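Undergrad: Dropping in structure-v6.cif, which is mmCIF, C-alpha atoms and all ligand atoms:
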data_entry
loop_
_atom_site.label_atom_id
_atom_site.label_comp_id
_atom_site.auth_asym_id
_atom_site.auth_seq_id
_atom_site.Cartn_x
_atom_site.Cartn_y
_atom_site.Cartn_z
CA MET Z 1 86.74 34.18 -18.78
CA ASN Z 2 84.90 37.44 -18.42
CA SER Z 3 86.81 39.63 -15.96
CA ALA Z 4 83.49 40.48 -14.28
CA HIS Z 5 83.54 36.94 -12.86
CA TYR Z 6 86.78 37.47 -10.94
CA ARG Z 7 86.47 38.12 -7.24
CA PHE Z 8 89.38 40.13 -5.91
CA GLU Z 9 87.92 40.27 -2.41
CA PRO Z 10 87.22 37.13 -0.38
CA ALA Z 11 83.59 36.22 -0.97
CA THR Z 12 82.33 37.22 2.45
CA ASP Z 13 78.91 37.94 0.95
CA LYS Z 14 78.57 34.17 0.47
CA VAL Z 15 79.08 33.14 4.09
CA ALA Z 16 76.37 31.22 5.90
CA ARG Z 17 73.91 32.99 8.16
CA ARG Z 18 75.37 31.24 11.20
CA ILE Z 19 78.76 32.86 10.72
CA THR Z 20 77.27 36.34 10.51
CA LYS Z 21 75.72 35.75 13.92
CA MET Z 22 78.95 34.67 15.58
CA ARG Z 23 80.80 37.05 17.80
CA PRO Z 24 84.56 36.88 18.29
CA SER Z 25 85.76 35.76 21.69
CA ALA Z 26 86.66 38.78 23.79
CA VAL Z 27 89.43 36.76 25.41
CA ARG Z 28 91.00 35.70 22.10
CA ASN Z 29 91.01 39.34 21.02
CA LEU Z 30 92.72 40.32 24.25
CA PHE Z 31 95.49 37.78 23.80
CA ALA Z 32 97.65 40.15 21.75
CA ALA Z 33 97.54 42.81 24.46
CA ALA Z 34 98.16 40.18 27.13
CA GLN Z 35 101.54 39.38 25.54
CA ARG Z 36 102.91 42.85 26.33
CA ASP Z 37 105.58 42.73 29.04
CA ASP Z 38 104.16 45.67 30.97
CA ILE Z 39 100.67 44.15 31.22
CA ILE Z 40 99.47 41.97 34.07
CA SER Z 41 96.77 39.75 32.62
CA LEU Z 42 93.70 38.72 34.55
CA ALA Z 43 92.00 37.90 31.24
CA GLY Z 44 92.75 34.34 30.15
CA GLY Z 45 92.08 31.05 31.91
CA MET Z 46 95.48 29.59 31.13
CA PRO Z 47 96.79 26.80 33.33
CA ASP Z 48 100.34 27.31 34.57
CA VAL Z 49 102.07 24.47 32.73
CA SER Z 50 105.46 25.54 34.12
CA LEU Z 51 104.37 23.60 37.23
CA LEU Z 52 104.52 20.29 35.34
CA PRO Z 53 107.66 18.27 36.10
CA LYS Z 54 109.75 17.93 32.92
CA SER Z 55 110.48 14.28 33.78
CA ALA Z 56 106.76 13.42 33.70
CA VAL Z 57 106.20 15.24 30.40
CA ARG Z 58 109.24 13.54 28.90
CA LYS Z 59 108.09 10.11 30.05
CA ALA Z 60 104.59 10.57 28.62
CA ALA Z 61 105.93 11.93 25.31
CA LYS Z 62 108.42 9.05 25.06
CA ALA Z 63 105.61 6.53 25.50
CA ALA Z 64 103.74 8.17 22.61
CA VAL Z 65 106.85 8.19 20.39
CA GLU Z 66 107.55 4.53 21.11
CA LYS Z 67 104.05 3.59 19.97
CA GLN Z 68 104.41 5.40 16.65
CA ALA Z 69 102.60 2.68 14.71
CA VAL Z 70 99.51 3.73 16.66
CA THR Z 71 100.17 7.37 17.45
CA LEU Z 72 101.10 8.50 13.94
CA GLN Z 73 98.23 6.62 12.32
CA TYR Z 74 94.49 7.31 11.96
CA GLY Z 75 92.44 5.88 14.79
CA GLY Z 76 88.82 5.10 15.62
CA THR Z 77 86.40 8.01 15.95
CA ASN Z 78 85.65 7.22 19.62
CA GLY Z 79 89.36 7.46 20.42
CA VAL Z 80 92.01 5.16 21.89
CA PHE Z 81 90.25 2.55 24.02
CA GLU Z 82 93.05 2.34 26.61
CA THR Z 83 92.87 6.12 27.07
CA ALA Z 84 89.10 5.92 27.55
CA GLN Z 85 89.75 3.23 30.17
CA VAL Z 86 92.21 5.53 31.95
CA PHE Z 87 89.63 8.33 32.05
CA CYS Z 88 87.02 5.91 33.44
CA ASP Z 89 89.52 4.92 36.13
CA ILE Z 90 90.33 8.47 37.17
CA VAL Z 91 86.68 9.59 37.46
CA ARG Z 92 85.92 6.72 39.85
CA ASP Z 93 87.24 8.65 42.82
CA ILE Z 94 84.87 11.56 42.10
CA GLY Z 95 81.95 9.12 42.13
CA ILE Z 96 81.43 8.26 38.44
CA ARG Z 97 81.24 4.65 37.27
CA HIS Z 98 81.41 4.46 33.51
CA LYS Z 99 82.40 1.97 30.82
CA PRO Z 100 85.14 2.90 28.30
CA GLU Z 101 82.98 1.73 25.39
CA ASN Z 102 80.62 4.60 26.21
CA VAL Z 103 83.28 7.29 26.03
CA ILE Z 104 84.20 9.52 23.09
CA ILE Z 105 87.57 11.18 23.31
CA THR Z 106 87.43 14.69 21.90
CA THR Z 107 89.85 17.42 20.86
CA GLY Z 108 89.52 19.15 24.22
CA ALA Z 109 86.21 19.74 25.95
CA GLN Z 110 85.73 22.51 23.39
CA GLU Z 111 85.14 19.99 20.60
CA ALA Z 112 82.77 18.14 22.90
CA LEU Z 113 80.67 21.31 23.18
CA ASP Z 114 80.58 21.69 19.42
CA LEU Z 115 79.60 18.04 18.99
CA ILE Z 116 76.80 18.41 21.56
CA GLY Z 117 75.48 21.37 19.57
CA LYS Z 118 75.84 19.51 16.27
CA THR Z 119 74.10 16.42 17.62
CA PHE Z 120 71.17 18.00 19.45
CA LEU Z 121 70.39 21.47 18.13
CA ASP Z 122 68.26 22.43 15.14
CA PRO Z 123 67.77 26.15 14.46
CA GLY Z 124 65.30 27.55 16.98
CA ASP Z 125 65.77 24.74 19.51
CA ILE Z 126 66.12 25.78 23.12
CA CYS Z 127 69.09 25.20 25.36
CA ILE Z 128 69.50 26.64 28.82
CA THR Z 129 72.76 27.85 30.33
CA GLU Z 130 73.86 29.74 33.37
CA GLY Z 131 73.94 33.47 32.69
CA PRO Z 132 76.81 34.32 32.54
CA THR Z 133 78.40 31.17 31.13
CA TYR Z 134 81.57 29.95 29.41
CA LEU Z 135 81.89 31.98 26.23
CA GLY Z 136 83.40 29.04 24.31
CA ALA Z 137 80.16 27.15 24.93
CA LEU Z 138 78.13 30.08 23.60
CA GLN Z 139 80.35 30.15 20.51
CA ALA Z 140 80.01 26.40 19.99
CA PHE Z 141 76.23 26.26 20.45
CA SER Z 142 75.41 29.44 18.53
CA ALA Z 143 76.76 27.87 15.31
CA TYR Z 144 73.63 25.71 15.37
CA GLU Z 145 71.35 28.74 15.81
CA PRO Z 146 69.52 27.78 18.98
CA ASP Z 147 67.52 30.00 21.25
CA ILE Z 148 69.75 30.21 24.33
CA HIS Z 149 67.92 30.93 27.58
CA THR Z 150 69.96 31.94 30.61
CA VAL Z 151 69.33 31.48 34.32
CA PRO Z 152 71.32 33.51 36.87
CA PHE Z 153 73.42 31.97 39.64
CA ASP Z 154 74.07 33.01 43.21
CA ALA Z 155 76.73 31.77 45.65
CA GLU Z 156 75.11 28.28 45.54
CA GLY Z 157 75.15 27.91 41.77
CA MET Z 158 72.31 28.15 39.24
CA ARG Z 159 69.10 29.46 40.88
CA MET Z 160 66.67 26.54 40.80
CA ASP Z 161 63.66 28.76 41.58
CA LEU Z 162 64.41 30.91 38.53
CA LEU Z 163 65.11 27.82 36.44
CA GLU Z 164 61.68 26.44 37.34
CA GLU Z 165 60.06 29.72 36.32
CA GLU Z 166 61.95 29.59 33.02
CA LEU Z 167 60.91 25.97 32.46
CA GLN Z 168 57.29 26.87 33.12
CA ARG Z 169 57.54 29.60 30.48
CA ILE Z 170 59.12 27.12 28.02
CA GLY Z 171 56.36 24.63 28.85
CA LYS Z 172 56.31 20.99 29.87
CA GLY Z 173 56.88 18.61 26.96
CA ASN Z 174 58.12 21.37 24.66
CA PRO Z 175 59.94 19.41 21.91
CA ARG Z 176 62.20 22.42 21.23
CA LEU Z 177 63.80 22.13 24.66
CA LYS Z 178 66.93 20.00 24.24
CA PHE Z 179 69.49 20.43 26.99
CA LEU Z 180 70.71 22.45 29.93
CA TYR Z 181 74.43 23.18 29.96
CA THR Z 182 76.02 23.76 33.35
CA ILE Z 183 79.50 24.07 34.87
CA PRO Z 184 78.65 23.04 38.43
CA ASN Z 185 82.16 23.27 39.90
CA PHE Z 186 83.84 26.70 40.16
CA GLN Z 187 81.86 27.95 37.23
CA ASN Z 188 83.48 29.84 34.38
CA PRO Z 189 83.18 32.82 34.66
CA GLY Z 190 81.33 32.90 38.00
CA GLY Z 191 83.65 30.89 40.24
CA VAL Z 192 80.55 29.58 42.10
CA THR Z 193 79.75 25.92 42.85
CA MET Z 194 76.32 24.30 42.68
CA THR Z 195 75.30 22.82 46.03
CA PRO Z 196 74.44 19.09 46.31
CA GLU Z 197 70.77 20.03 46.97
CA ARG Z 198 70.55 22.04 43.76
CA ARG Z 199 72.26 19.27 41.77
CA LYS Z 200 69.63 16.83 43.03
CA ARG Z 201 66.84 19.27 42.19
CA LEU Z 202 68.26 19.86 38.71
CA VAL Z 203 68.25 16.13 38.00
CA GLU Z 204 64.59 15.95 39.14
CA LEU Z 205 63.66 18.89 36.91
CA SER Z 206 65.42 17.31 33.92
CA HIS Z 207 63.00 14.38 34.17
CA GLU Z 208 59.98 16.53 34.93
CA TYR Z 209 60.56 18.81 31.92
CA ASP Z 210 62.35 16.29 29.70
CA PHE Z 211 65.73 17.82 28.94
CA ILE Z 212 69.29 16.50 29.00
CA ILE Z 213 71.82 17.80 31.51
CA VAL Z 214 75.23 18.54 29.98
CA GLU Z 215 77.67 18.71 32.89
CA ASP Z 216 80.97 20.38 31.99
CA ASP Z 217 83.62 19.78 34.63
CA PRO Z 218 87.09 21.05 33.68
CA TYR Z 219 87.89 22.48 37.12
CA GLY Z 220 86.41 19.88 39.50
CA ARG Z 221 89.78 18.62 40.75
CA LEU Z 222 91.08 22.11 41.45
CA ARG Z 223 89.34 22.50 44.81
CA TYR Z 224 91.13 24.64 47.41
CA GLU Z 225 88.59 24.55 50.24
CA GLY Z 226 85.33 22.81 51.17
CA GLY Z 227 84.23 19.25 50.44
CA HIS Z 228 83.80 17.45 47.12
CA CYS Z 229 80.30 17.55 45.59
CA LEU Z 230 79.16 14.51 43.65
CA PRO Z 231 78.81 15.13 39.92
CA MET Z 232 75.28 14.85 38.53
CA ARG Z 233 76.55 12.06 36.30
CA ALA Z 234 77.02 10.05 39.53
CA LEU Z 235 73.37 10.70 40.42
CA ASP Z 236 71.79 9.97 37.08
CA ASP Z 237 72.84 7.87 34.10
CA SER Z 238 71.18 10.12 31.55
CA VAL Z 239 73.52 13.04 32.28
CA ILE Z 240 76.19 13.82 29.66
CA TYR Z 241 79.50 14.44 31.43
CA LEU Z 242 82.36 16.38 29.82
CA GLY Z 243 85.93 16.12 31.09
CA THR Z 244 89.30 17.42 29.94
CA ILE Z 245 92.98 17.08 30.74
CA SER Z 246 93.53 20.79 30.02
CA LYS Z 247 93.51 22.03 33.60
CA MET Z 248 95.06 19.04 35.35
CA PHE Z 249 97.71 18.21 32.76
CA ALA Z 250 98.16 19.99 29.43
CA ALA Z 251 95.84 22.35 27.55
CA GLY Z 252 98.13 22.15 24.52
CA LEU Z 253 97.53 18.42 24.06
CA ARG Z 254 93.85 18.95 23.25
CA VAL Z 255 92.30 15.90 24.87
CA GLY Z 256 88.87 15.85 26.46
CA TRP Z 257 86.08 13.32 26.74
CA ILE Z 258 82.34 12.78 26.69
CA MET Z 259 80.72 10.19 28.96
CA ALA Z 260 77.11 9.50 27.98
CA PRO Z 261 74.55 6.72 27.54
CA PRO Z 262 75.42 4.33 24.66
CA GLY Z 263 72.71 5.64 22.29
CA VAL Z 264 73.94 9.21 22.67
CA ILE Z 265 77.56 8.11 22.16
CA GLY Z 266 76.52 6.48 18.85
CA LYS Z 267 74.94 9.72 17.60
CA ILE Z 268 77.85 11.88 18.70
CA ASN Z 269 80.21 9.46 16.97
CA LEU Z 270 78.34 10.18 13.70
CA ALA Z 271 78.69 13.92 14.29
CA LYS Z 272 82.41 13.57 15.00
CA GLN Z 273 83.17 11.54 11.87
CA GLY Z 274 82.42 14.59 9.74
CA THR Z 275 84.40 16.89 12.00
CA ASP Z 276 87.82 15.24 12.20
CA LEU Z 277 87.55 11.44 11.60
CA CYS Z 278 89.46 10.96 14.85
CA GLY Z 279 91.25 13.07 17.44
CA SER Z 280 95.04 13.23 17.74
CA MET Z 281 96.26 9.69 18.48
CA PHE Z 282 99.60 11.04 19.71
CA ASP Z 283 97.92 13.30 22.27
CA GLN Z 284 95.63 10.53 23.48
CA VAL Z 285 98.42 8.01 24.01
CA MET Z 286 100.58 10.64 25.70
CA ALA Z 287 97.69 11.54 28.01
CA ALA Z 288 97.12 7.90 28.97
CA ALA Z 289 100.83 7.49 29.74
CA TYR Z 290 100.82 10.62 31.90
CA PHE Z 291 97.95 9.29 34.03
CA THR Z 292 99.36 5.78 34.36
CA GLU Z 293 103.14 6.15 34.39
CA THR Z 294 103.78 9.39 36.27
CA PRO Z 295 102.85 10.60 39.80
CA TRP Z 296 100.08 12.83 38.41
CA GLN Z 297 98.24 13.11 41.72
CA LYS Z 298 101.33 14.60 43.34
CA THR Z 299 101.62 17.07 40.46
CA LEU Z 300 97.92 17.89 40.84
CA GLN Z 301 98.56 18.75 44.50
CA ARG Z 302 101.25 21.15 43.30
CA PHE Z 303 98.73 22.84 40.98
CA VAL Z 304 96.19 23.03 43.80
CA LYS Z 305 98.67 24.55 46.26
CA THR Z 306 99.94 27.14 43.78
CA TYR Z 307 96.50 28.21 42.53
CA ASP Z 308 95.21 28.39 46.09
CA THR Z 309 98.03 30.77 47.06
CA ARG Z 310 97.15 32.93 44.03
CA ARG Z 311 93.43 32.82 44.84
CA ARG Z 312 94.08 33.96 48.41
CA ALA Z 313 96.33 36.77 47.17
CA MET Z 314 93.62 37.98 44.79
CA LEU Z 315 90.80 37.79 47.35
CA ALA Z 316 92.93 39.61 49.95
CA ALA Z 317 93.79 42.34 47.43
CA LEU Z 318 90.13 42.72 46.46
CA ASP Z 319 89.25 43.19 50.14
CA GLU Z 320 92.04 45.70 50.54
CA TYR Z 321 91.67 47.81 47.40
CA PHE Z 322 88.22 47.53 45.81
CA PRO Z 323 85.62 50.20 46.65
CA PRO Z 324 82.52 49.23 48.68
CA GLU Z 325 80.19 49.69 45.67
CA VAL Z 326 81.79 46.64 44.00
CA THR Z 327 81.03 43.00 44.90
CA TRP Z 328 82.66 39.73 43.84
CA THR Z 329 82.30 35.96 44.20
CA HIS Z 330 84.44 33.80 46.53
CA PRO Z 331 85.47 30.69 44.59
CA GLU Z 332 86.42 27.53 46.47
CA GLY Z 333 88.38 26.31 43.46
CA GLY Z 334 89.01 26.78 39.75
CA PHE Z 335 90.47 29.89 38.15
CA PHE Z 336 87.97 32.74 38.26
CA VAL Z 337 86.34 35.51 40.28
CA TRP Z 338 83.27 37.32 38.91
CA VAL Z 339 83.13 41.01 39.76
CA THR Z 340 79.96 43.10 39.74
CA CYS Z 341 80.30 46.89 39.63
CA PRO Z 342 77.43 49.37 40.03
CA PRO Z 343 75.03 49.21 37.04
CA TYR Z 344 76.11 52.55 35.58
CA LEU Z 345 79.73 51.42 35.17
CA ASN Z 346 80.66 49.87 31.80
CA THR Z 347 83.59 47.44 32.00
CA GLU Z 348 84.02 47.30 28.23
CA SER Z 349 84.53 51.02 27.80
CA MET Z 350 86.74 51.00 30.90
CA LEU Z 351 89.15 48.48 29.37
CA PRO Z 352 91.41 50.98 27.51
CA GLU Z 353 91.94 52.83 30.81
CA ALA Z 354 92.88 49.54 32.48
CA LEU Z 355 95.27 48.73 29.62
CA GLU Z 356 96.89 52.11 30.04
CA ARG Z 357 97.57 51.26 33.68
CA GLY Z 358 98.94 47.86 32.68
CA VAL Z 359 96.16 45.44 33.61
CA ILE Z 360 93.56 43.54 31.57
CA TYR Z 361 90.47 41.55 32.46
CA THR Z 362 87.58 40.11 30.49
CA PRO Z 363 84.49 42.34 30.28
CA GLY Z 364 81.23 40.67 31.29
CA THR Z 365 79.13 40.99 28.11
CA GLY Z 366 80.94 38.17 26.25
CA PHE Z 367 79.59 35.66 28.76
CA PHE Z 368 75.95 36.31 27.83
CA PRO Z 369 74.32 35.13 24.59
CA ASP Z 370 72.80 38.55 23.85
CA GLY Z 371 76.18 40.29 24.32
CA LYS Z 372 74.33 42.98 26.27
CA GLN Z 373 73.91 41.78 29.83
CA GLY Z 374 76.88 41.87 32.18
CA LYS Z 375 77.99 45.36 31.04
CA ASN Z 376 78.94 46.26 34.60
CA CYS Z 377 80.66 42.93 35.29
CA MET Z 378 84.06 41.41 34.59
CA ARG Z 379 85.84 38.11 34.97
CA ILE Z 380 89.24 38.16 36.62
CA ALA Z 381 91.47 35.08 36.63
CA PHE Z 382 93.95 34.28 39.38
CA CYS Z 383 95.46 31.15 37.79
CA TYR Z 384 98.39 32.53 35.86
CA GLU Z 385 100.11 35.46 37.58
CA SER Z 386 102.26 35.42 40.74
CA PRO Z 387 100.66 36.55 44.04
CA GLU Z 388 102.69 39.79 43.87
CA ASN Z 389 101.50 40.53 40.34
CA LEU Z 390 97.91 39.73 41.28
CA GLN Z 391 98.05 42.13 44.18
CA GLU Z 392 99.52 44.84 41.94
CA ALA Z 393 96.93 44.14 39.21
CA ILE Z 394 94.05 44.51 41.66
CA ARG Z 395 95.54 47.71 43.03
CA ARG Z 396 95.75 49.16 39.51
CA LEU Z 397 92.27 47.96 38.62
CA ALA Z 398 90.87 49.49 41.80
CA GLU Z 399 92.34 52.84 40.71
CA VAL Z 400 90.67 52.57 37.32
CA ILE Z 401 87.32 51.74 38.92
CA GLU Z 402 87.74 54.50 41.50
CA ASP Z 403 88.36 57.07 38.73
CA ARG Z 404 85.17 56.04 36.99
CA LEU Z 405 83.16 55.93 40.19
CA GLU Z 406 84.31 59.40 41.14
CA LEU Z 407 82.95 60.68 37.88
CA TYR Z 408 79.64 58.88 38.37
CA ARG Z 409 79.33 59.92 42.01
CA ALA Z 410 79.34 63.52 40.80
CA PHE Z 411 76.59 62.69 38.26
CA ILE Z 412 74.58 60.88 40.93
CA GLU Z 413 74.87 63.83 43.30
CA ALA Z 414 73.69 66.13 40.53
CA GLY Z 415 70.74 63.76 39.95
CA ALA Z 416 71.84 63.06 36.36
CA ILE Z 417 71.91 59.26 36.88
CA LYS Z 418 70.25 56.94 39.34
CA GLU Z 419 72.30 55.02 41.89
C1 LIG Z 501 83.97 25.59 31.25
C2 LIG Z 501 84.92 25.21 30.18
N1 LIG Z 501 84.59 24.23 29.33
C3 LIG Z 501 85.41 23.85 28.35
C4 LIG Z 501 86.63 24.45 28.17
C5 LIG Z 501 87.50 24.01 27.02
O1 LIG Z 501 88.50 23.21 27.51
P1 LIG Z 501 89.48 22.39 26.59
O2 LIG Z 501 90.82 23.01 26.74
O3 LIG Z 501 89.44 21.00 27.12
O4 LIG Z 501 88.99 22.46 25.18
C6 LIG Z 501 87.03 25.48 29.03
C7 LIG Z 501 88.32 26.15 28.84
O5 LIG Z 501 88.67 27.10 29.45
C8 LIG Z 501 86.16 25.85 30.06
O6 LIG Z 501 86.47 26.81 30.95
#
Starting from the file, give its structure as structure tokens.
Ligand SMILES: Cc1ncc(COP(=O)(O)O)c(C=O)c1O

TA:
Amino acid sequence: MNSAHYRFEPATDKVARRITKMRPSAVRNLFAAAQRDDIISLAGGMPDVSLLPKSAVRKAAKAAVEKQAVTLQYGGTNGVFETAQVFCDIVRDIGIRHKPENVIITTGAQEALDLIGKTFLDPGDICITEGPTYLGALQAFSAYEPDIHTVPFDAEGMRMDLLEEELQRIGKGNPRLKFLYTIPNFQNPGGVTMTPERRKRLVELSHEYDFIIVEDDPYGRLRYEGGHCLPMRALDDSVIYLGTISKMFAAGLRVGWIMAPPGVIGKINLAKQGTDLCGSMFDQVMAAAYFTETPWQKTLQRFVKTYDTRRRAMLAALDEYFPPEVTWTHPEGGFFVWVTCPPYLNTESMLPEALERGVIYTPGTGFFPDGKQGKNCMRIAFCYESPENLQEAIRRLAEVIEDRLELYRAFIEAGAIKE
């Protein structure tokens, strides 16, 4: 063979257009730094699995080992039927009635997001998300090259007035408009919850403008104050509902689910066949055993109590240490607080200073499809560190912000930048 045909470098010039458009997850990139002992991490949304009783984990794992003829074998693409039944049972108390035959079990909710993109999006199609939104959803959807439109939220969730304006711009009956993706409970990264009135309005708009609602609900059971809000799936059968065991049991098991109308389930099944044939049978059987053979609701209460203590510690520290120019959301559940600094402050360029002081957070730009908005914002997570560490982290972060603000205050006084 002619030596000119050898490629000594990986053939990155051959990659598909979609991969050139993908941006790495800021959080994944921060993981390495987060492992350092001297760093307090507010960056990741990791559940604290040390709170799980070993006896419950052992019992669930044992059940999966004992069924090795099933758990170590290939399974159906929709997943283990008994596990789907268990998920249908546990969503009953949040108001959803659904049949296990219309469930697809996925490799975490993350695979569900990819399958939604694969099933519904052609290049140039429109999907709408909150802005900011979960960066894993942006990564999943952007592989299918859609046009992602964002709508801001306030303390009551996605702004329906701004959504209506956006829908009017997109146009009624626009065949390019496919779905609206929302995290109505304790949004990631915003921490805000969509009110029942807005949920109802969103369902109305989905019929008026003909789009599907994709309701992603990983945090719904982690509510620390206020009353439960009915999922949109409970209001309307056409909603696609995504669930996961990651935040109420084990993120490492990689089990999530899609609940949707039968026709949609059939199409998503086709998409999934090409992805992985079937999800992990072992994980699915272990998950079903956890939710049927162990006191999981008691364990959930333990999660809720612990995260609530951490949330209160973070909110108290923010009140105590953060300067008046900075605002933040007040989550009633979930893992995250969204912080907004004055517009002239850049949280990405500030990150090395924060690292130097031993604290990391996730800069805001990764949560927007254009990677440009949210420059002055950051997501801080309270789920993983102890209350003492959270207080210390916020104190350090406040110092970093103060240093920057001091610099900018001088510029503002000199008239060099606008307030
Ligand atoms: C809003 C949202 N959706 C989906 C996921 C993915 O969850 P899973 O671990 O089930 O893949 C996450 C994970 O953090 C999330 O925050």

Undergrad: Please identify the residues whose atoms come within 7 Å of ligand LIG 501 (chain Z), using all atoms listed in the file, and report them as a list in words.

TA: Gly45, Thr107, Gly108, Ala109, Gln110, Glu111, Tyr134, Gly136, Ala137, Ile183, Gln187, Asn188, Asp216, Asp217, Pro218, Thr244, Ile245, Ser246, Ala251, Arg254, Val255 and Gly256 of chain Z

Undergrad: What separation in Å, quoted to one decimal, exists between atom CA of Asn346 of chain Z and atom CA of Gln373 of chain Z?

TA: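 That distance, rounded to one decimal, is 10.7 Å.
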
Undergrad: When you look at Ile417 of chain Z with a cut-off of 12 Å (counting only C-alpha atoms), what residues show up, excluding the ones that are within fewer than 6 positions of it in the same chain? I need them as a PyMOL selection string.

TA: chain Z and resi 342-345+407-411

Undergrad: Closest to Asn389 of chain Z among Z:Leu72, Z:Ile19, Z:Val337, Z:Ala317, using only C-alpha atoms?

TA: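 Ranking Z:Leu72, Z:Ile19, Z:Val337, Z:Ala317 by distance to Asn389 of chain Z, first place goes to Z:Ala317.
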
Undergrad: Quick check, in Å to one decimal: how far apart do atom CA of Arg198 of chain Z and atom CA of Gly44 of chain Z lie?

TA: 28.8 Å

Undergrad: One decimal, Å: what's the distance from atom CA of Trp296 of chain Z over to atom CA of Val49 of chain Z, could you say?

TA: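 Between atom CA of Trp296 of chain Z and atom CA of Val49 of chain Z the gap is 13.1 Å.
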
Undergrad: Of the residues Z:Leu390, Z:Ala398, Z:Val359, Z:Val91, which is the one nearest to Gln35 of chain Z, using all atoms listed in the file?

TA: Z:Val359

Undergrad: So which one's closest to Tyr361 of chain Z, Z:Ala393, Z:Leu162, Z:Cys383, Z:Ala416? Using only C-alpha atoms, please.

TA: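 Ranked by minimum distance to Tyr361 of chain Z, first place goes to Z:Ala393.
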
Undergrad: Using all atoms of segment 238-257 of chain Z that appear in the file, construct an axis-aligned enclosing box with 8 Å of padding on every side and provide its centre coordinates and edge lengths in Å, rounded to one decimal, as lines of an AutoDock Vina configuration file.

TA:
center_x = 84.7
center_y = 16.2
center_z = 29.3
size_x = 43.0
size_y = 28.2
size_z = 28.1

Undergrad: Could you give me, as an mmCIF file with C-alpha atoms, in the coordinates of the input, the residues within 9 Å of Thr150 of chain Z, counting all atoms listed in the file and dropping anything in the same chain fewer than 4 positions from it?

TA:
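Dumped to out_13.cif:
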data_model
loop_
_atom_site.group_PDB
_atom_site.id
_atom_site.type_symbol
_atom_site.label_atom_id
_atom_site.label_comp_id
_atom_site.auth_asym_id
_atom_site.auth_seq_id
_atom_site.Cartn_x
_atom_site.Cartn_y
_atom_site.Cartn_z
ATOM 1 C CA CYS Z 127 69.090 25.200 25.360
ATOM 2 C CA ILE Z 128 69.500 26.640 28.820
ATOM 3 C CA THR Z 129 72.760 27.850 30.330
ATOM 4 C CA GLU Z 130 73.860 29.740 33.370
ATOM 5 C CA GLY Z 131 73.940 33.470 32.690
ATOM 6 C CA PRO Z 132 76.810 34.320 32.540
ATOM 7 C CA THR Z 133 78.400 31.170 31.130
ATOM 8 C CA LEU Z 163 65.110 27.820 36.440
ATOM 9 C CA GLU Z 166 61.950 29.590 33.020
ATOM 10 C CA PHE Z 368 75.950 36.310 27.830
ATOM 11 C CA PRO Z 369 74.320 35.130 24.590
#

Undergrad: So which one's closest to Met248 of chain Z, Z:Arg97, Z:Ser55, Z:Phe382, Z:Gln297? Using only C-alpha atoms, please.

TA: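 Under the stated criterion, the closest residue is Z:Gln297.
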